[in-house]
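Asker: Data file protein_12.tsv (TSV, C-alpha atoms) is appended below.
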```
chain	number	residue	atom	x	y	z
T	1	MET	CA	-230.41	58.77	-73.55
T	2	LYS	CA	-230.51	60.74	-70.31
T	3	HIS	CA	-230.49	64.27	-69.00
T	4	VAL	CA	-227.18	66.09	-69.48
T	5	ARG	CA	-226.16	68.86	-67.11
T	6	LYS	CA	-224.26	71.56	-68.93
T	7	SER	CA	-221.37	73.33	-67.24
T	8	PRO	CA	-220.32	76.89	-68.18
T	9	GLU	CA	-218.61	77.06	-71.54
T	10	PRO	CA	-214.84	76.67	-71.60
T	11	PRO	CA	-213.09	80.07	-71.46
T	12	GLU	CA	-211.19	79.08	-74.61
T	13	LEU	CA	-214.46	79.03	-76.58
T	14	ALA	CA	-215.58	82.41	-75.24
T	15	GLN	CA	-212.17	83.87	-76.09
T	16	TYR	CA	-212.29	82.38	-79.59
T	17	ARG	CA	-215.69	83.94	-80.29
T	18	GLU	CA	-214.55	87.30	-78.94
T	19	ARG	CA	-211.40	87.22	-81.05
T	20	PHE	CA	-213.39	86.63	-84.24
T	21	LYS	CA	-216.60	88.47	-83.35
T	22	THR	CA	-216.57	90.44	-86.59
T	23	GLN	CA	-216.17	87.28	-88.68
T	24	PHE	CA	-218.51	84.38	-89.41
T	25	LYS	CA	-216.39	81.51	-88.12
T	26	ARG	CA	-217.62	77.97	-88.73
T	27	TRP	CA	-217.00	74.79	-86.77
T	28	SER	CA	-214.47	73.69	-89.39
T	29	ASP	CA	-212.52	76.89	-88.67
T	30	LEU	CA	-212.56	76.35	-84.91
T	31	LYS	CA	-211.34	72.76	-85.18
T	32	SER	CA	-208.02	74.01	-86.50
T	33	ASN	CA	-207.52	75.78	-83.18
T	34	ARG	CA	-206.50	72.67	-81.24
T	35	LYS	CA	-206.43	74.34	-77.82
T	36	THR	CA	-210.05	75.50	-78.11
T	37	TYR	CA	-211.21	72.29	-79.77
T	38	ASN	CA	-209.62	70.07	-77.11
T	39	ALA	CA	-211.05	72.21	-74.31
T	40	ILE	CA	-214.53	71.75	-75.79
T	41	ARG	CA	-214.10	67.98	-76.16
T	42	THR	CA	-212.76	67.58	-72.65
T	43	THR	CA	-215.50	69.65	-71.03
T	44	LEU	CA	-218.29	67.93	-72.95
T	45	ALA	CA	-217.03	64.49	-71.97
T	46	ALA	CA	-216.75	65.56	-68.33
T	47	ASP	CA	-220.28	67.04	-68.35
T	48	GLN	CA	-221.65	63.74	-69.66
T	49	LYS	CA	-219.53	61.70	-67.27
T	50	GLY	CA	-217.88	59.78	-70.06
T	51	ILE	CA	-220.90	58.49	-72.00
T	52	CYS	CA	-222.41	59.34	-75.39
T	53	ALA	CA	-225.27	61.84	-75.10
T	54	TYR	CA	-227.49	59.66	-77.28
T	55	CYS	CA	-226.74	55.93	-76.98
T	56	GLU	CA	-224.81	56.10	-73.65
T	57	MET	CA	-221.90	54.01	-74.86
T	58	SER	CA	-218.65	54.95	-73.14
T	59	LEU	CA	-216.74	57.66	-74.98
T	60	HIS	CA	-213.26	56.74	-76.12
T	61	SER	CA	-210.50	58.90	-77.57
T	62	GLN	CA	-210.76	56.89	-80.79
T	63	ASP	CA	-214.54	57.06	-80.89
T	64	ARG	CA	-215.70	60.52	-79.89
T	65	ALA	CA	-217.18	63.47	-81.76
T	66	VAL	CA	-218.59	66.90	-81.02
T	67	GLU	CA	-222.22	66.78	-82.07
T	68	HIS	CA	-224.22	69.90	-82.87
T	69	PHE	CA	-227.81	69.20	-81.84
T	70	ILE	CA	-229.05	71.64	-84.47
T	71	PRO	CA	-226.74	70.97	-87.43
T	72	CYS	CA	-224.19	73.55	-88.44
T	73	ASN	CA	-225.82	73.95	-91.85
T	74	GLN	CA	-228.63	75.78	-90.04
T	75	SER	CA	-226.24	78.51	-88.82
T	76	THR	CA	-226.58	82.12	-89.91
T	77	ARG	CA	-224.52	85.22	-89.21
T	78	GLU	CA	-227.21	86.30	-86.77
T	79	GLN	CA	-227.30	82.94	-84.98
T	80	ASN	CA	-224.04	81.05	-85.30
T	81	LEU	CA	-224.99	77.58	-84.06
T	82	ASP	CA	-221.51	76.30	-84.93
T	83	LEU	CA	-220.01	78.12	-81.94
T	84	ASP	CA	-222.98	77.92	-79.57
T	85	TRP	CA	-221.92	76.02	-76.45
T	86	HIS	CA	-225.50	74.99	-75.70
T	87	ASN	CA	-225.75	73.39	-79.13
T	88	MET	CA	-222.83	71.02	-78.49
T	89	LEU	CA	-222.84	67.47	-77.15
T	90	ALA	CA	-220.29	64.67	-77.03
T	91	THR	CA	-221.29	61.54	-78.91
T	92	CYS	CA	-219.82	58.37	-80.32
T	93	GLN	CA	-219.19	58.39	-84.06
T	94	GLY	CA	-222.25	56.30	-84.85
T	95	GLY	CA	-220.70	52.87	-85.27
T	96	LEU	CA	-219.64	53.18	-88.89
T	97	GLN	CA	-215.94	53.87	-88.36
T	98	ASN	CA	-213.37	51.11	-88.16
T	99	VAL	CA	-212.54	51.77	-84.51
T	100	LYS	CA	-210.09	49.52	-82.69
T	101	VAL	CA	-210.21	49.82	-78.91
T	102	PRO	CA	-207.81	47.59	-76.93
T	103	GLY	CA	-209.67	44.95	-74.96
T	104	GLU	CA	-212.97	45.45	-76.80
T	105	ASP	CA	-214.73	43.30	-79.35
T	106	ASP	CA	-215.01	45.25	-82.63
T	107	SER	CA	-218.77	44.66	-82.68
T	108	ILE	CA	-219.20	46.83	-79.57
T	109	ARG	CA	-218.57	50.01	-81.55
T	110	ASN	CA	-218.70	49.16	-85.23
T	111	SER	CA	-221.59	48.45	-87.60
T	112	ARG	CA	-219.57	47.73	-90.70
T	113	PRO	CA	-221.18	46.02	-93.73
T	114	PRO	CA	-223.27	43.97	-94.01
T	115	ASN	CA	-224.67	45.49	-90.79
T	116	ASN	CA	-224.19	49.05	-91.97
T	117	PHE	CA	-226.58	50.76	-89.57
T	118	PRO	CA	-225.49	54.09	-88.07
T	119	CYS	CA	-226.81	55.47	-84.82
T	120	CYS	CA	-226.64	58.73	-82.85
T	121	GLY	CA	-225.28	61.77	-84.71
T	122	ALA	CA	-224.32	59.73	-87.77
T	123	LYS	CA	-227.94	58.63	-88.18
T	124	LYS	CA	-229.41	62.01	-87.23
T	125	SER	CA	-227.37	63.78	-89.90
T	126	GLN	CA	-229.12	61.63	-92.51
T	127	GLU	CA	-232.57	62.25	-91.07
T	128	TYR	CA	-232.49	65.89	-90.01
T	129	ASP	CA	-235.27	68.05	-91.34
T	130	LYS	CA	-235.81	71.42	-89.71
T	131	ALA	CA	-239.59	71.03	-89.50
T	132	SER	CA	-239.90	67.42	-88.30
T	133	CYS	CA	-236.88	67.43	-86.00
T	134	GLY	CA	-238.50	69.99	-83.77
T	135	ASN	CA	-239.84	66.83	-82.14
T	136	LEU	CA	-236.38	65.44	-81.45
T	137	LEU	CA	-235.67	65.37	-77.71
T	138	ASN	CA	-232.58	67.25	-76.59
T	139	PRO	CA	-230.56	65.57	-73.79
T	140	LEU	CA	-230.07	69.01	-72.23
T	141	GLU	CA	-233.83	69.37	-71.84
T	142	LEU	CA	-234.75	65.89	-70.59
T	143	PRO	CA	-236.13	65.48	-67.06
T	144	SER	CA	-234.08	63.82	-64.34
T	145	ILE	CA	-236.48	60.85	-64.37
T	146	SER	CA	-236.01	58.36	-67.17
T	147	ILE	CA	-238.71	58.54	-69.85
T	148	PHE	CA	-237.50	55.31	-71.44
T	149	SER	CA	-237.77	51.65	-70.51
T	150	PHE	CA	-235.94	48.61	-71.85
T	151	SER	CA	-236.83	45.08	-72.87
T	152	SER	CA	-235.41	42.34	-70.68
T	153	LEU	CA	-235.72	40.02	-73.68
T	154	ASP	CA	-233.69	41.79	-76.35
T	155	GLY	CA	-232.41	45.06	-74.83
T	156	SER	CA	-234.53	47.32	-77.02
T	157	ILE	CA	-235.41	50.81	-75.83
T	158	LYS	CA	-238.97	52.15	-75.88
T	159	PRO	CA	-240.90	55.09	-74.41
T	160	ASN	CA	-242.17	54.77	-70.85
T	161	ALA	CA	-245.70	56.12	-71.26
T	162	VAL	CA	-246.22	56.88	-67.55
T	163	ALA	CA	-242.91	58.74	-67.19
T	164	CYS	CA	-243.51	60.61	-70.46
T	165	GLU	CA	-246.85	61.85	-69.16
T	166	GLN	CA	-245.25	62.95	-65.87
T	167	ALA	CA	-242.59	64.86	-67.81
T	168	ASN	CA	-245.12	66.41	-70.23
T	169	ILE	CA	-243.45	64.67	-73.15
T	170	THR	CA	-245.49	62.75	-75.69
T	171	VAL	CA	-244.83	59.10	-76.37
T	172	GLN	CA	-244.66	60.06	-80.03
T	173	GLN	CA	-241.76	62.46	-79.33
T	174	ALA	CA	-239.89	59.80	-77.40
T	175	GLN	CA	-240.42	57.22	-80.15
T	176	PHE	CA	-239.43	59.72	-82.83
T	177	THR	CA	-236.18	60.33	-80.97
T	178	ILE	CA	-235.45	56.61	-80.71
T	179	ASP	CA	-236.12	56.14	-84.42
T	180	THR	CA	-234.23	59.24	-85.62
T	181	LEU	CA	-231.13	58.30	-83.62
T	182	ASN	CA	-231.54	54.59	-84.46
T	183	LEU	CA	-231.12	53.62	-80.81
T	184	ASN	CA	-232.41	50.11	-81.48
T	185	VAL	CA	-229.63	49.11	-83.84
T	186	GLN	CA	-228.76	45.49	-83.08
T	187	ARG	CA	-225.34	46.07	-81.53
T	188	LEU	CA	-226.82	48.56	-79.02
T	189	LYS	CA	-229.65	46.20	-78.10
T	190	ARG	CA	-227.17	43.40	-77.52
T	191	GLN	CA	-225.00	45.51	-75.24
T	192	ARG	CA	-227.93	46.91	-73.24
T	193	LEU	CA	-229.28	43.41	-72.75
T	194	ALA	CA	-225.91	42.28	-71.39
T	195	VAL	CA	-225.99	45.15	-68.87
T	196	ILE	CA	-229.53	44.29	-67.77
T	197	VAL	CA	-228.81	40.57	-67.44
T	198	ALA	CA	-225.58	41.12	-65.47
T	199	ALA	CA	-227.16	43.59	-63.02
T	200	ARG	CA	-230.19	41.42	-62.38
T	201	SER	CA	-228.05	38.34	-61.98
T	202	MET	CA	-226.07	40.11	-59.25
T	203	ARG	CA	-229.30	41.24	-57.64
T	204	ASP	CA	-230.71	37.71	-57.63
T	205	GLN	CA	-227.49	36.35	-56.10
T	206	LEU	CA	-227.85	38.76	-53.19
T	207	ASP	CA	-231.52	37.96	-52.67
T	208	ASP	CA	-231.67	35.48	-49.78
T	209	GLY	CA	-235.43	35.81	-49.40
T	210	VAL	CA	-235.01	37.85	-46.24
T	211	ALA	CA	-233.25	41.06	-47.28
T	212	ASP	CA	-235.30	43.99	-48.54
T	213	PHE	CA	-235.41	43.76	-52.34
T	214	LYS	CA	-235.30	47.52	-52.82
T	215	GLY	CA	-232.36	47.67	-50.42
T	216	ILE	CA	-230.46	45.15	-52.53
T	217	GLU	CA	-231.08	47.25	-55.65
T	218	ALA	CA	-229.91	50.39	-53.83
T	219	LYS	CA	-226.77	48.58	-52.67
T	220	LEU	CA	-225.96	47.56	-56.23
T	221	ALA	CA	-226.73	51.08	-57.47
T	222	ALA	CA	-224.14	52.38	-55.00
T	223	LYS	CA	-221.64	49.88	-56.43
T	224	TYR	CA	-222.32	50.87	-60.04
T	225	PHE	CA	-222.90	54.62	-59.67
T	226	VAL	CA	-220.63	55.30	-56.64
T	227	ASP	CA	-221.05	58.93	-55.53
T	228	GLY	CA	-221.86	60.37	-58.95
T	229	SER	CA	-218.56	62.24	-59.18
T	230	GLY	CA	-216.80	60.04	-61.73
T	231	ASN	CA	-217.84	58.66	-65.08
T	232	TRP	CA	-221.15	56.84	-65.35
T	233	GLN	CA	-221.24	53.21	-66.33
T	234	PRO	CA	-221.91	52.64	-70.05
T	235	PHE	CA	-225.62	52.29	-70.84
T	236	PHE	CA	-226.51	54.15	-67.65
T	237	SER	CA	-230.26	54.18	-68.35
T	238	ALA	CA	-230.46	50.45	-69.04
T	239	LEU	CA	-228.63	49.78	-65.78
T	240	ARG	CA	-230.92	52.19	-63.96
T	241	PHE	CA	-233.91	50.33	-65.39
T	242	ALA	CA	-232.48	46.95	-64.38
T	243	LEU	CA	-232.06	48.03	-60.75
T	244	GLY	CA	-235.54	49.50	-60.50
T	245	GLU	CA	-236.80	51.39	-57.46
T	246	GLY	CA	-233.59	50.90	-55.52
T	247	ALA	CA	-231.62	52.70	-58.24
T	248	GLU	CA	-234.14	55.53	-58.32
T	249	LEU	CA	-233.86	55.88	-54.57
T	250	TYR	CA	-230.07	55.96	-54.71
T	251	LEU	CA	-229.83	58.31	-57.70
T	252	SER	CA	-232.33	60.77	-56.23
T	253	GLN	CA	-229.52	62.22	-54.13
T	254	PHE	CA	-227.73	63.34	-57.30
T	255	SER	CA	-230.76	64.86	-59.09
```
Represent the supplied structure as structure tokens.

Answerer:
Amino acid sequence: MKHVRKSPEPPELAQYRERFKTQFKRWSDLKSNRKTYNAIRTTLAADQKGICAYCEMSLHSQDRAVEHFIPCNQSTREQNLDLDWHNMLATCQGGLQNVKVPGEDDSIRNSRPPNNFPCCGAKKSQEYDKASCGNLLNPLELPSISIFSFSSLDGSIKPNAVACEQANITVQQAQFTIDTLNLNVQRLKRQRLAVIVAARSMRDQLDDGVADFKGIEAKLAAKYFVDGSGNWQPFFSALRFALGEGAELYLSQFS
């Protein structure tokens, strides 16, 4: 989970709200307007550079949803969260759907029985409580530095206490977010670990004992992250963690 930069809302959404400003339109109503709905989906995915706002898996046309950070059931006529651009994120569908993506192992996206463990918005929708979820971290409000670290043993995500303190975020908030979104479901840990192992293996291959270690990490960061204009690699934060200070140095130019 990383900071998401929000672009201006699609004109189609603004026009939709203006057209129905005297009516209380819900998200289910808007979805029937395919032009507006597709414009929202496309813009969200572009803002997030192709990765889920919560788990950072790559978004795919068969595994993509519009997530309302504050659920639509909290909407009122005075504050219609259903149509609020700054309440929308692009996420995966939580791993419970039978999604078939060509060239991918089913286990990358699916958590079908007996491993029926949802993540991201699918998990959050089960856990949301207006009082307690005030502690849930919003990707739109995260700092540019990563407040999470990852285990090199099993790929699990945990709060980075030092970074949390620098960002004025409590470790408890960060842990609550991990737990509420179920970001340590086994399939996500396995995939993050693979990213960490692959990146560090490449780093070690380039380490001849003479070259600057941080320079090697920065070189690999340039390979993985390019110029920041295209989609990010899946599990961006785990990769960033794996490449350490060199990645931070390289990514600082995009912050």

Asker: Just to confirm, what's the straight-line distance from atom CA of Leu142 of chain T to atom CA of Glu78 of chain T in Å (one decimal)?

Answerer: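 So the two atoms, atom CA of Leu142 of chain T and atom CA of Glu78 of chain T, lie 27.1 Å apart.
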
Asker: Ranking T:Ala53, T:Leu188, T:Cys72, T:Leu81 by minimum distance to Arg17 of chain T and counting all atoms listed in the file, which one comes first?

Answerer: T:Leu81

Asker: Using atom CA of Ala65 of chain T and atom CA of Cys92 of chain T as the two end points, give the distance in Å to one decimal.

Answerer: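 For atom CA of Ala65 of chain T relative to atom CA of Cys92 of chain T, the distance reads 5.9 Å.
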
Asker: When you draw a straight line from atom CA of Glu104 of chain T to atom CA of Phe69 of chain T, how long is it in Å?

Answerer: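 Straight-line distance from atom CA of Glu104 of chain T to atom CA of Phe69 of chain T works out to 28.5 Å.
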
Asker: In terms of the shortest atom-to-atom distance over all atoms listed in the file, which of T:Leu13, T:Leu59, T:Ile51, T:Val195 is closest to Val99 of chain T?

Answerer: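 Of T:Leu13, T:Leu59, T:Ile51, T:Val195, the one nearest Val99 of chain T is T:Leu59, counting all atoms listed in the file.
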
Asker: Per residue of segment 49-143 of chain T within 7 Å of segment 221-242 of chain T, record the nearest atom pair and its distance in Å to one decimal, counting all atoms listed in the file, with rows in chain order and ascending residue number, as JSON lines.

Answerer:
```
{"residue": "T:Lys49", "atom": "CA", "partner": "T:Asn231", "partner_atom": "CA", "distance": 4.1}
{"residue": "T:Gly50", "atom": "CA", "partner": "T:Asn231", "partner_atom": "CA", "distance": 5.1}
{"residue": "T:Ile51", "atom": "CA", "partner": "T:Pro234", "partner_atom": "CA", "distance": 6.2}
{"residue": "T:Glu56", "atom": "CA", "partner": "T:Phe235", "partner_atom": "CA", "distance": 4.8}
{"residue": "T:Met57", "atom": "CA", "partner": "T:Pro234", "partner_atom": "CA", "distance": 5.0}
{"residue": "T:Ser58", "atom": "CA", "partner": "T:Pro234", "partner_atom": "CA", "distance": 5.1}
```

Asker: Could you tell me which of T:Met88, T:Ile145, T:Ala39, T:Leu153 comes closest to Glu248 of chain T if we count all atoms listed in the file?

Answerer: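 Among T:Met88, T:Ile145, T:Ala39, T:Leu153, it is T:Ile145 that comes nearest to Glu248 of chain T.
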
Asker: Using only C-alpha atoms, can you tell me which of T:Leu89, T:Val4, T:Leu249, T:Ile70 comes closest to Lys124 of chain T?

Answerer: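 Selected residue with least distance to Lys124 of chain T: T:Ile70.
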
Asker: Would you list the residues near (-232.4, 47.7, -80.6) (no more than 7 Å away, in the coordinates of the file, using only C-alpha atoms) as a PDB file with C-alpha atoms, in the coordinates of the input?

Answerer:
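Wrote out.pdb, looks like this:
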```pdb
ATOM      1  CA  GLY T 155    -232.410  45.060 -74.830  1.00  0.00           C
ATOM      2  CA  SER T 156    -234.530  47.320 -77.020  1.00  0.00           C
ATOM      3  CA  ILE T 157    -235.410  50.810 -75.830  1.00  0.00           C
ATOM      4  CA  LEU T 183    -231.120  53.620 -80.810  1.00  0.00           C
ATOM      5  CA  ASN T 184    -232.410  50.110 -81.480  1.00  0.00           C
ATOM      6  CA  VAL T 185    -229.630  49.110 -83.840  1.00  0.00           C
ATOM      7  CA  GLN T 186    -228.760  45.490 -83.080  1.00  0.00           C
ATOM      8  CA  LEU T 188    -226.820  48.560 -79.020  1.00  0.00           C
ATOM      9  CA  LYS T 189    -229.650  46.200 -78.100  1.00  0.00           C
TER      10      LYS T 189
END
```

Asker: Fewer than 3 positions away in the same chain doesn't count, so skip those; otherwise give me all residues within 9 Å of Ala199 of chain T, counting only C-alpha atoms, as number ranges by chain.

Answerer: T: 194-196, 202-204, 220, 239, 242-243

Asker: Enclose all atoms of segment 139-142 of chain T listed in the file in an axis-aligned box, grow every side by 4 Å, and hand back centre and edge lengths in Å to one decimal, as AutoDock Vina command-line options.

Answerer:
```
--center_x -232.4 --center_y 67.5 --center_z -72.2 --size_x 12.7 --size_y 11.8 --size_z 11.2
```
